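Chemist: Following this line is entry22.txt, made up of compact mmCIF, C-alpha atoms:
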```txt
# COMPACT_ATOMS: atom_id res chain seq x y z
CA MET M 1238 23.16 1.90 13.08
CA PRO M 1239 21.77 5.44 13.11
CA TRP M 1240 18.18 4.44 13.89
CA GLN M 1241 16.14 3.66 16.95
CA SER M 1242 14.22 0.36 17.08
CA LEU M 1243 10.43 0.39 17.25
CA GLY M 1244 10.31 -3.41 17.38
CA ALA M 1245 8.75 -6.01 15.09
CA VAL M 1246 5.50 -4.18 14.33
CA PRO M 1247 3.26 -3.97 11.25
CA LEU M 1248 4.31 -0.45 10.31
CA ALA M 1249 5.08 1.00 6.89
CA PHE M 1250 4.06 4.09 4.96
CA PRO M 1251 1.82 4.83 3.24
CA ALA M 1252 -0.97 2.37 4.07
CA PRO M 1253 -4.38 2.73 2.40
CA ALA M 1254 -7.83 2.98 3.95
CA TRP M 1255 -9.87 0.91 1.52
CA VAL M 1256 -13.53 0.03 1.88
CA ILE M 1257 -14.04 -3.59 0.81
CA GLY M 1258 -17.48 -4.40 -0.62
CA THR M 1259 -18.90 -7.95 -0.55
CA TYR M 1260 -22.30 -9.71 -0.53
CA ASP M 1261 -23.15 -12.12 2.25
CA HIS M 1262 -24.87 -15.51 1.80
CA GLU M 1263 -28.27 -13.77 1.69
CA GLY M 1264 -27.12 -11.17 -0.82
CA LYS M 1265 -26.91 -8.39 1.76
CA PRO M 1266 -24.18 -5.88 0.86
CA ASN M 1267 -21.46 -5.36 3.44
CA VAL M 1268 -18.52 -2.96 3.66
CA MET M 1269 -15.38 -3.15 5.77
CA THR M 1270 -12.33 -0.94 6.02
CA ALA M 1271 -8.96 -2.59 5.33
CA ALA M 1272 -5.52 -1.01 5.55
CA TRP M 1273 -3.37 -4.05 4.81
CA GLY M 1274 -3.14 -3.97 1.01
CA GLY M 1275 -1.56 -2.67 -2.16
CA ILE M 1276 -1.17 -3.28 -5.87
CA CYS M 1277 0.73 -6.54 -6.46
CA CYS M 1278 0.93 -7.20 -10.21
CA SER M 1279 0.80 -5.24 -13.48
CA LYS M 1280 -0.19 -8.11 -15.84
CA PRO M 1281 -2.77 -9.27 -15.03
CA PRO M 1282 -3.52 -6.13 -12.99
CA CYS M 1283 -3.96 -7.30 -9.40
CA LEU M 1284 -4.10 -5.96 -5.88
CA SER M 1285 -3.68 -7.74 -2.59
CA MET M 1286 -5.71 -7.15 0.52
CA SER M 1287 -5.53 -9.03 3.84
CA LEU M 1288 -8.33 -9.96 6.21
CA ARG M 1289 -8.67 -11.73 9.54
CA LYS M 1290 -10.79 -14.89 9.44
CA ALA M 1291 -13.02 -13.43 12.15
CA THR M 1292 -14.40 -10.72 9.86
CA TYR M 1293 -17.77 -10.97 8.14
CA THR M 1294 -16.11 -9.94 4.87
CA TYR M 1295 -13.76 -12.95 5.01
CA SER M 1296 -16.49 -15.57 4.59
CA ASN M 1297 -18.39 -13.41 2.08
CA LEU M 1298 -15.29 -13.09 -0.07
CA VAL M 1299 -14.40 -16.78 0.10
CA GLU M 1300 -17.98 -17.72 -0.85
CA ARG M 1301 -18.52 -15.23 -3.67
CA ARG M 1302 -14.90 -15.08 -4.88
CA ALA M 1303 -15.33 -11.38 -5.62
CA PHE M 1304 -14.93 -8.02 -3.90
CA THR M 1305 -14.71 -4.32 -4.62
CA VAL M 1306 -12.15 -1.86 -3.30
CA ASN M 1307 -13.94 1.42 -2.80
CA VAL M 1308 -11.48 4.28 -2.36
CA PRO M 1309 -13.04 6.93 -0.12
CA SER M 1310 -12.25 10.62 -0.39
CA ALA M 1311 -11.48 12.67 2.71
CA ASP M 1312 -15.17 13.67 2.87
CA PHE M 1313 -15.96 10.11 3.91
CA VAL M 1314 -13.34 9.67 6.63
CA LYS M 1315 -15.98 9.25 9.40
CA GLU M 1316 -17.91 6.62 7.43
CA THR M 1317 -14.65 4.82 6.57
CA ASP M 1318 -13.66 4.75 10.23
CA PHE M 1319 -17.08 3.39 11.22
CA PHE M 1320 -16.77 0.64 8.59
CA GLY M 1321 -13.65 -0.52 10.41
CA MET M 1322 -15.32 -0.49 13.84
CA ALA M 1323 -18.73 -2.12 13.34
CA SER M 1324 -19.35 -5.67 12.05
CA GLY M 1325 -21.67 -6.74 9.24
CA LYS M 1326 -22.68 -9.66 11.45
CA ASN M 1327 -25.03 -7.41 13.41
CA THR M 1328 -25.03 -4.06 11.59
CA ASP M 1329 -26.15 -2.83 8.18
CA LYS M 1330 -23.25 -0.41 7.90
CA LEU M 1331 -24.38 1.21 4.65
CA SER M 1332 -27.85 2.01 6.04
CA ALA M 1333 -26.31 3.33 9.26
CA THR M 1334 -24.28 5.86 7.26
CA ALA M 1335 -26.93 6.59 4.60
CA LEU M 1336 -24.64 5.35 1.82
CA THR M 1337 -25.97 3.31 -1.09
CA PRO M 1338 -24.78 0.00 -2.55
CA VAL M 1339 -24.72 -0.45 -6.35
CA LYS M 1340 -24.19 -3.89 -7.85
CA SER M 1341 -20.98 -4.19 -9.85
CA SER M 1342 -21.66 -5.01 -13.49
CA LEU M 1343 -18.50 -7.16 -13.66
CA VAL M 1344 -18.12 -9.02 -10.38
CA ASP M 1345 -20.45 -10.40 -7.70
CA ALA M 1346 -19.94 -7.58 -5.21
CA PRO M 1347 -21.41 -4.18 -4.34
CA CYS M 1348 -19.86 -0.72 -4.88
CA VAL M 1349 -20.41 2.36 -2.70
CA GLU M 1350 -22.30 4.77 -4.95
CA GLN M 1351 -21.11 7.97 -3.26
CA PHE M 1352 -17.36 7.17 -3.40
CA PRO M 1353 -15.22 8.72 -6.17
CA MET M 1354 -13.38 5.52 -7.11
CA VAL M 1355 -14.10 1.79 -7.16
CA ILE M 1356 -11.94 -1.17 -8.20
CA GLU M 1357 -13.83 -4.34 -9.15
CA CYS M 1358 -11.92 -7.53 -8.34
CA SER M 1359 -12.36 -11.27 -8.75
CA LEU M 1360 -10.52 -13.54 -6.34
CA LEU M 1361 -7.41 -15.06 -7.93
CA HIS M 1362 -5.33 -16.40 -5.01
CA SER M 1363 -5.36 -16.61 -1.25
CA LEU M 1364 -2.38 -17.13 1.01
CA GLU M 1365 -2.57 -17.95 4.72
CA ILE M 1366 0.07 -15.94 6.56
CA GLY M 1367 -0.91 -15.87 10.22
CA LEU M 1368 -3.59 -13.72 11.82
CA HIS M 1369 -4.34 -12.42 8.32
CA THR M 1370 -5.03 -14.17 5.03
CA LEU M 1371 -3.74 -12.37 1.96
CA PHE M 1372 -6.18 -12.27 -0.95
CA VAL M 1373 -5.07 -11.44 -4.48
CA GLY M 1374 -7.84 -9.90 -6.56
CA GLU M 1375 -7.61 -9.50 -10.30
CA ILE M 1376 -8.66 -5.97 -11.21
CA LYS M 1377 -11.47 -6.27 -13.76
CA ASP M 1378 -12.05 -2.51 -14.00
CA VAL M 1379 -11.23 0.77 -12.25
CA LYS M 1380 -14.09 3.25 -12.24
CA VAL M 1381 -13.97 6.90 -11.18
CA LYS M 1382 -16.41 9.78 -11.00
CA LYS M 1383 -15.98 12.30 -13.80
CA ASP M 1384 -15.53 15.16 -11.35
CA VAL M 1385 -12.27 13.71 -9.97
CA LEU M 1386 -10.61 13.36 -13.37
CA SER M 1387 -8.09 15.90 -14.59
CA PRO M 1388 -8.45 17.33 -18.14
CA SER M 1389 -5.82 14.80 -19.29
CA GLY M 1390 -8.03 11.91 -18.12
CA THR M 1391 -5.89 10.83 -15.15
CA LEU M 1392 -7.04 11.10 -11.57
CA ASP M 1393 -6.86 14.55 -9.96
CA MET M 1394 -5.31 13.68 -6.60
CA LYS M 1395 -6.63 16.80 -4.88
CA LYS M 1396 -10.21 16.12 -5.94
CA ALA M 1397 -10.09 12.36 -5.33
CA ALA M 1398 -8.43 13.04 -1.95
CA PRO M 1399 -7.75 9.39 -1.09
CA LEU M 1400 -7.08 8.54 2.55
CA VAL M 1401 -3.72 7.43 3.90
CA PHE M 1402 -3.74 5.38 7.10
CA ALA M 1403 -0.89 5.63 9.60
CA PRO M 1404 -0.55 2.30 11.45
CA VAL M 1405 0.49 2.26 15.14
CA ALA M 1406 -0.31 5.99 15.53
CA ARG M 1407 -3.72 5.11 14.01
CA PHE M 1408 -4.46 8.38 12.22
CA TYR M 1409 -5.99 9.15 8.86
CA HIS M 1410 -4.24 11.56 6.51
CA THR M 1411 -4.86 12.84 3.00
CA VAL M 1412 -2.38 12.68 0.14
CA GLY M 1413 -0.34 15.87 -0.06
CA PRO M 1414 0.93 17.95 -2.99
CA ALA M 1415 2.78 16.49 -5.98
CA LEU M 1416 6.57 16.56 -5.76
CA GLY M 1417 7.19 15.79 -9.42
CA PRO M 1418 7.00 13.19 -12.18
CA ALA M 1419 8.38 9.66 -11.82
CA PHE M 1420 10.87 8.28 -14.35
CA SER M 1421 12.06 11.87 -14.77
CA LEU M 1422 13.23 13.45 -11.47
CA GLY M 1423 16.00 10.84 -11.18
CA LYS M 1424 17.55 11.57 -14.56
CA GLU M 1425 20.16 13.88 -13.05
CA PHE M 1426 21.94 10.81 -11.64
CA MET M 1427 22.09 9.07 -15.03
CA LYS M 1428 25.48 9.10 -16.72
CA MET N 1078 -23.32 3.19 -12.50
CA PRO N 1079 -22.21 6.75 -11.69
CA TRP N 1080 -18.56 6.21 -12.64
CA GLN N 1081 -16.51 6.31 -15.79
CA SER N 1082 -14.35 3.26 -16.67
CA LEU N 1083 -10.57 3.60 -16.79
CA GLY N 1084 -10.16 -0.06 -17.80
CA ALA N 1085 -8.42 -2.99 -16.14
CA VAL N 1086 -5.31 -1.16 -14.95
CA PRO N 1087 -3.07 -1.50 -11.87
CA LEU N 1088 -4.36 1.63 -10.17
CA ALA N 1089 -5.21 2.20 -6.52
CA PHE N 1090 -4.40 4.82 -3.91
CA PRO N 1091 -2.20 5.32 -2.07
CA ALA N 1092 0.77 3.31 -3.41
CA PRO N 1093 4.15 3.50 -1.66
CA ALA N 1094 7.56 4.37 -3.10
CA TRP N 1095 9.77 1.93 -1.20
CA VAL N 1096 13.47 1.42 -1.72
CA ILE N 1097 14.26 -2.31 -1.50
CA GLY N 1098 17.75 -3.17 -0.26
CA THR N 1099 19.44 -6.51 -1.13
CA TYR N 1100 22.93 -7.96 -1.53
CA ASP N 1101 23.95 -9.62 -4.79
CA HIS N 1102 25.94 -12.88 -5.10
CA GLU N 1103 29.19 -10.97 -4.57
CA GLY N 1104 27.88 -9.10 -1.55
CA LYS N 1105 27.44 -5.82 -3.40
CA PRO N 1106 24.53 -3.80 -1.97
CA ASN N 1107 21.76 -2.89 -4.39
CA VAL N 1108 18.65 -0.73 -4.08
CA MET N 1109 15.53 -0.64 -6.21
CA THR N 1110 12.31 1.33 -5.97
CA ALA N 1111 9.08 -0.66 -5.70
CA ALA N 1112 5.53 0.68 -5.60
CA TRP N 1113 3.60 -2.59 -5.58
CA GLY N 1114 3.41 -3.40 -1.88
CA GLY N 1115 1.77 -2.99 1.51
CA ILE N 1116 1.45 -4.47 4.96
CA CYS N 1117 -0.22 -7.89 4.78
CA CYS N 1118 -0.34 -9.41 8.29
CA SER N 1119 -0.31 -8.23 11.91
CA LYS N 1120 0.90 -11.50 13.56
CA PRO N 1121 3.56 -12.25 12.52
CA PRO N 1122 4.06 -8.69 11.27
CA CYS N 1123 4.55 -8.96 7.50
CA LEU N 1124 4.56 -6.84 4.40
CA SER N 1125 4.24 -7.85 0.77
CA MET N 1126 6.19 -6.41 -2.11
CA SER N 1127 6.12 -7.50 -5.75
CA LEU N 1128 8.96 -7.66 -8.27
CA ARG N 1129 9.40 -8.58 -11.90
CA LYS N 1130 11.74 -11.53 -12.51
CA ALA N 1131 13.85 -9.33 -14.81
CA THR N 1132 15.04 -7.13 -11.94
CA TYR N 1133 18.43 -7.52 -10.30
CA THR N 1134 16.74 -7.40 -6.91
CA TYR N 1135 14.61 -10.46 -7.73
CA SER N 1136 17.52 -12.89 -7.90
CA ASN N 1137 19.28 -11.24 -4.95
CA LEU N 1138 16.18 -11.65 -2.82
CA VAL N 1139 15.56 -15.26 -3.83
CA GLU N 1140 19.20 -16.13 -3.08
CA ARG N 1141 19.59 -14.31 0.24
CA ARG N 1142 15.97 -14.71 1.42
CA ALA N 1143 16.15 -11.25 2.99
CA PHE N 1144 15.49 -7.63 2.08
CA THR N 1145 15.02 -4.22 3.63
CA VAL N 1146 12.28 -1.70 2.89
CA ASN N 1147 13.83 1.73 3.17
CA VAL N 1148 11.17 4.42 3.38
CA PRO N 1149 12.51 7.62 1.82
CA SER N 1150 11.46 11.08 2.91
CA ALA N 1151 10.51 13.75 0.35
CA ASP N 1152 14.13 15.01 0.48
CA PHE N 1153 15.16 11.84 -1.35
CA VAL N 1154 12.56 11.85 -4.13
CA LYS N 1155 15.20 12.27 -6.89
CA GLU N 1156 17.32 9.41 -5.58
CA THR N 1157 14.21 7.23 -5.17
CA ASP N 1158 13.20 7.93 -8.76
CA PHE N 1159 16.69 7.08 -9.99
CA PHE N 1160 16.63 3.78 -8.06
CA GLY N 1161 13.57 2.84 -10.16
CA MET N 1162 15.20 3.79 -13.46
CA ALA N 1163 18.73 2.32 -13.34
CA SER N 1164 19.63 -1.37 -12.88
CA GLY N 1165 22.04 -2.86 -10.37
CA LYS N 1166 23.24 -5.15 -13.19
CA ASN N 1167 25.40 -2.34 -14.55
CA THR N 1168 25.16 0.50 -12.00
CA ASP N 1169 26.22 0.99 -8.40
CA LYS N 1170 23.16 3.07 -7.60
CA LEU N 1171 24.20 3.97 -4.05
CA SER N 1172 27.58 5.31 -5.18
CA ALA N 1173 25.93 7.24 -8.02
CA THR N 1174 23.74 9.08 -5.51
CA ALA N 1175 26.35 9.37 -2.75
CA LEU N 1176 24.19 7.36 -0.34
CA THR N 1177 25.67 4.80 2.03
CA PRO N 1178 24.74 1.16 2.69
CA VAL N 1179 24.74 -0.13 6.28
CA LYS N 1180 24.47 -3.85 6.94
CA SER N 1181 21.32 -4.84 8.80
CA SER N 1182 22.07 -6.43 12.15
CA LEU N 1183 19.07 -8.77 11.81
CA VAL N 1184 18.80 -9.86 8.17
CA ASP N 1185 21.22 -10.43 5.29
CA ALA N 1186 20.48 -7.14 3.50
CA PRO N 1187 21.71 -3.53 3.45
CA CYS N 1188 19.92 -0.42 4.75
CA VAL N 1189 20.21 3.11 3.34
CA GLU N 1190 21.95 5.07 6.09
CA GLN N 1191 20.51 8.47 5.17
CA PHE N 1192 16.83 7.41 5.09
CA PRO N 1193 14.60 8.11 8.13
CA MET N 1194 13.01 4.66 8.28
CA VAL N 1195 13.99 1.09 7.49
CA ILE N 1196 12.06 -2.17 7.82
CA GLU N 1197 14.17 -5.33 8.03
CA CYS N 1198 12.50 -8.38 6.49
CA SER N 1199 13.21 -12.06 6.03
CA LEU N 1200 11.51 -13.86 3.15
CA LEU N 1201 8.53 -15.91 4.33
CA HIS N 1202 6.53 -16.71 1.17
CA SER N 1203 6.55 -16.04 -2.54
CA LEU N 1204 3.59 -16.24 -4.90
CA GLU N 1205 3.80 -16.16 -8.69
CA ILE N 1206 1.01 -13.98 -10.04
CA GLY N 1207 1.97 -13.00 -13.58
CA LEU N 1208 4.45 -10.35 -14.62
CA HIS N 1209 5.14 -9.84 -10.92
CA THR N 1210 5.99 -12.24 -8.10
CA LEU N 1211 4.59 -11.30 -4.71
CA PHE N 1212 7.05 -11.69 -1.83
CA VAL N 1213 5.92 -11.78 1.78
CA GLY N 1214 8.59 -10.56 4.17
CA GLU N 1215 8.36 -11.06 7.90
CA ILE N 1216 9.16 -7.76 9.62
CA LYS N 1217 12.00 -8.43 12.06
CA ASP N 1218 12.31 -4.79 13.14
CA VAL N 1219 11.25 -1.27 12.19
CA LYS N 1220 13.91 1.34 12.77
CA VAL N 1221 13.53 5.11 12.58
CA LYS N 1222 15.76 8.12 13.07
CA LYS N 1223 15.17 9.90 16.37
CA ASP N 1224 14.51 13.22 14.64
CA VAL N 1225 11.34 11.89 12.95
CA LEU N 1226 9.74 10.65 16.17
CA SER N 1227 7.06 12.67 17.93
CA PRO N 1228 7.34 13.26 21.69
CA SER N 1229 4.90 10.34 22.21
CA GLY N 1230 7.29 7.97 20.43
CA THR N 1231 5.22 7.46 17.27
CA LEU N 1232 6.32 8.62 13.85
CA ASP N 1233 5.88 12.34 13.09
CA MET N 1234 4.36 12.15 9.60
CA LYS N 1235 5.45 15.67 8.66
CA LYS N 1236 9.07 14.99 9.57
CA ALA N 1237 9.22 11.47 8.11
CA ALA N 1238 7.48 12.82 4.97
CA PRO N 1239 7.06 9.42 3.27
CA LEU N 1240 6.42 9.38 -0.47
CA VAL N 1241 3.14 8.37 -2.07
CA PHE N 1242 3.28 7.11 -5.65
CA ALA N 1243 0.40 7.73 -8.05
CA PRO N 1244 0.27 4.89 -10.61
CA VAL N 1245 -0.79 5.64 -14.22
CA ALA N 1246 -0.25 9.41 -13.74
CA ARG N 1247 3.21 8.44 -12.43
CA PHE N 1248 3.74 11.25 -9.94
CA TYR N 1249 5.24 11.34 -6.46
CA HIS N 1250 3.34 13.02 -3.65
CA THR N 1251 3.89 13.48 0.07
CA VAL N 1252 1.46 12.51 2.80
CA GLY N 1253 -0.81 15.42 3.72
CA PRO N 1254 -2.19 16.65 7.03
CA ALA N 1255 -3.90 14.43 9.59
CA LEU N 1256 -7.69 14.28 9.36
CA GLY N 1257 -8.23 12.66 12.73
CA PRO N 1258 -7.83 9.51 14.83
CA ALA N 1259 -8.95 6.07 13.65
CA PHE N 1260 -11.33 3.97 15.77
CA SER N 1261 -12.75 7.28 16.99
CA LEU N 1262 -14.07 9.48 14.14
CA GLY N 1263 -16.63 6.80 13.22
CA LYS N 1264 -18.23 6.63 16.68
CA GLU N 1265 -20.99 9.03 15.71
CA PHE N 1266 -22.56 6.26 13.62
CA MET N 1267 -22.53 3.78 16.52
CA LYS N 1268 -25.91 3.15 18.13
```
Can you dump the structure from the file as structure tokens?
Modeler:
Amino acid sequence: MPWQSLGAVPLAFPAPAWVIGTYDHEGKPNVMTAAWGGICCSKPPCLSMSLRKATYTYSNLVERRAFTVNVPSADFVKETDFFGMASGKNTDKLSATALTPVKSSLVDAPCVEQFPMVIECSLLHSLEIGLHTLFVGEIKDVKVKKDVLSPSGTLDMKKAAPLVFAPVARFYHTVGPALGPAFSLGKEFMK
Amino acid sequence: MPWQSLGAVPLAFPAPAWVIGTYDHEGKPNVMTAAWGGICCSKPPCLSMSLRKATYTYSNLVERRAFTVNVPSADFVKETDFFGMASGKNTDKLSATALTPVKSSLVDAPCVEQFPMVIECSLLHSLEIGLHTLFVGEIKDVKVKKDVLSPSGTLDMKKAAPLVFAPVARFYHTVGPALGPAFSLGKEFMK
């Protein structure tokens, strides 16, 4: 085989850097960065996101059966990194970074007011895998700031500037330029 | 709330553009592009990837209980797009694009020889969600071409140039420049 082995490691590209919003048992908003996740169903629209049992978010999510996925722009890379380092058990991470929680109108979880995009989810399934538990959230709504929309009403990737996480190397990246439209570029191979 | 609603749609960033390799019942290699997926566990290392039952890959995967995730570089965006448009039921997609299958040495699935990165997976769990079924694959090995490794032995993101898929807008992007190291940038908020 023409490749070199890196071993059995959790490594794939691209991984997200999502900020998961939950309320704790006292109603205190908490945020945590998660990179193990992705969309997992079109109908109903769902995403999956995995957590270790040791996290504060894990018990919040199991109790409230709701969470938000706040998609930070590159401007918030330092805050996002901090949200993955500190624990809600002993830190009010939103206060520490001067960001503001807003209650979701659809699910029992907080959104990060300053972020350009938020996905409101209710818990649909959970699956124990090993160190991580996979949670499937049904997407109740996707909300974006007007200033990151293109004139056609879709997201302007340059303005939204979502983060990409590189596992193993442990670096944050942005999304780069568009290469071209899907369901179109491949037509030259059609007979 | 300061956002505008886009509705309950399967939209999050970044999504991957992965090429899933399987063998059919006759041992013919097939490839299919999937964007609904992500890493889902660190120990054992696992990724999840969702398929519709109607796909040729679905039955291959259920039968063989193995698949590969081939991570294309930007050079292969046209082939990747084609792999998401045609069906293995009536097309030999690898022949049509002049790409070559190589049998994995670890799992019962083919790899795409020309791609810079391949993740060999054995099927661990499946979860019916709705239109899509979520498959959890245990990562048996991650293999990369030597020419996309940095001197430190991690992946050089610029050389590997993995694709990012933008759902709804349906565009392919590359991964952009590094913003900085994780578990480090956020330290300024630590007290």
Chemist: Quick check, in Å to one decimal: how far apart do CA of Ser1127 in chain N and CA of Val1213 in chain N lie?
Modeler: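 It comes out at 8.7 Å.
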Chemist: One decimal, in Å: what's the spacing between CA of Ile1257 in chain M and CA of Arg1301 in chain M?
Modeler: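 Separation of CA of Ile1257 in chain M and CA of Arg1301 in chain M: 13.3 Å.
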Chemist: Need the shell around Asp1312 in chain M: protein/DNA/RNA residues with any atom at most 12 Å away, counting all atoms listed in the file. Skip same-chain ones fewer than 6 positions apart. Format as a list in words?
Modeler: Asp1318, Gln1351, Phe1352, Pro1353, Lys1395, Lys1396, Ala1397, Ala1398, Pro1399, Leu1400, Tyr1409, His1410 and Thr1411 of chain M; Leu1256 of chain N
Chemist: Within 7 Å of Glu1190 in chain N, counting all atoms listed in the file, which residues show up once you throw out same-chain ones fewer than 6 positions away? Write them as a list of chain:residue names, please.
Modeler: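 Returned residues: N:Thr1177, N:Pro1178, N:Val1179.
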Chemist: May I ask which of the residues M:Cys1278, M:Met1427, M:Leu1392, M:Leu1331 is the closest one to Leu1208 in chain N, counting all atoms listed in the file?
Modeler: M:Cys1278
Chemist: Pick out the residues sitting within 12 Å of Gly1390 in chain M, and hand them over as a list in words; count all atoms listed in the file, and ignore anything fewer than 3 positions along from it in its own chain.
Modeler: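 The residues satisfying every condition are Val1381, Lys1382, Lys1383, Asp1384, Val1385, Leu1386, Ser1387, Asp1393 and Met1394 of chain M; Gln1081, Ser1082, Leu1083, Val1245 and Ala1246 of chain N.
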Chemist: Take CA of Val1349 in chain M and CA of Thr1370 in chain M and report the distance between them in Å, one decimal.
Modeler: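 Spanning CA of Val1349 in chain M to CA of Thr1370 in chain M is a straight-line distance of 23.9 Å.
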Chemist: I need the residue nearest chain M from this list: N:Pro1187, N:Gly1161, N:Pro1228, N:Gly1104. Use all atoms listed in the file for the distance.
Modeler: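 Ranked by minimum distance to chain M, first place goes to N:Gly1161.
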Chemist: Given the choices N:Gly1214, N:Pro1254, N:Glu1265, N:Phe1242, which gets closest to Pro1122 in chain N if the distance is worked out from only C-alpha atoms?
Modeler: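 Nearest to Pro1122 in chain N: N:Gly1214.
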Chemist: With distances taken over only C-alpha atoms, which residue among N:Ala1243, N:Met1078, N:Ala1111, N:Ala1085 lies nearest chain M?
Modeler: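 Checking each of N:Ala1243, N:Met1078, N:Ala1111, N:Ala1085 against chain M, counting only C-alpha atoms, the winner is N:Ala1085.
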Chemist: Counting all atoms listed in the file, which of M:Lys1290, M:Lys1428, M:Lys1265, M:Lys1377 gets nearest to Lys1340 in chain M?
Modeler: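 Using all atoms listed in the file, the shortest distance to Lys1340 in chain M belongs to M:Lys1265.
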Chemist: Find the spatial neighbours of Tyr1100 in chain N, counting only C-alpha atoms, within a cut-off of 10 Å - ignore same-chain residues fewer than 2 positions away - and output them as a list of chain:residue names.
Modeler: N:Gly1098, N:His1102, N:Glu1103, N:Gly1104, N:Lys1105, N:Pro1106, N:Asn1107, N:Val1108, N:Tyr1133, N:Thr1134, N:Ser1136, N:Asn1137, N:Leu1138, N:Glu1140, N:Arg1141, N:Ala1143, N:Phe1144, N:Lys1180, N:Asp1185, N:Ala1186, N:Pro1187
Chemist: From the set M:Glu1365, M:Asp1261, M:Asp1378, M:Pro1251, which residue has the shortest atom-to-atom contact distance to Thr1305 in chain M, counting all atoms listed in the file?
Modeler: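 Closest to Thr1305 in chain M, using all atoms listed in the file: M:Asp1378.
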Chemist: Just need the box for range 1348-1365 of chain M, edges along x, y and z, holding every atom the file lists for it with 5 Å tacked onto each side, so centre and edge lengths in Å to one decimal, as JSON.
Modeler:
```
{"center_x": -12.3, "center_y": -4.6, "center_z": -2.2, "size_x": 29.9, "size_y": 36.7, "size_z": 23.9}
```
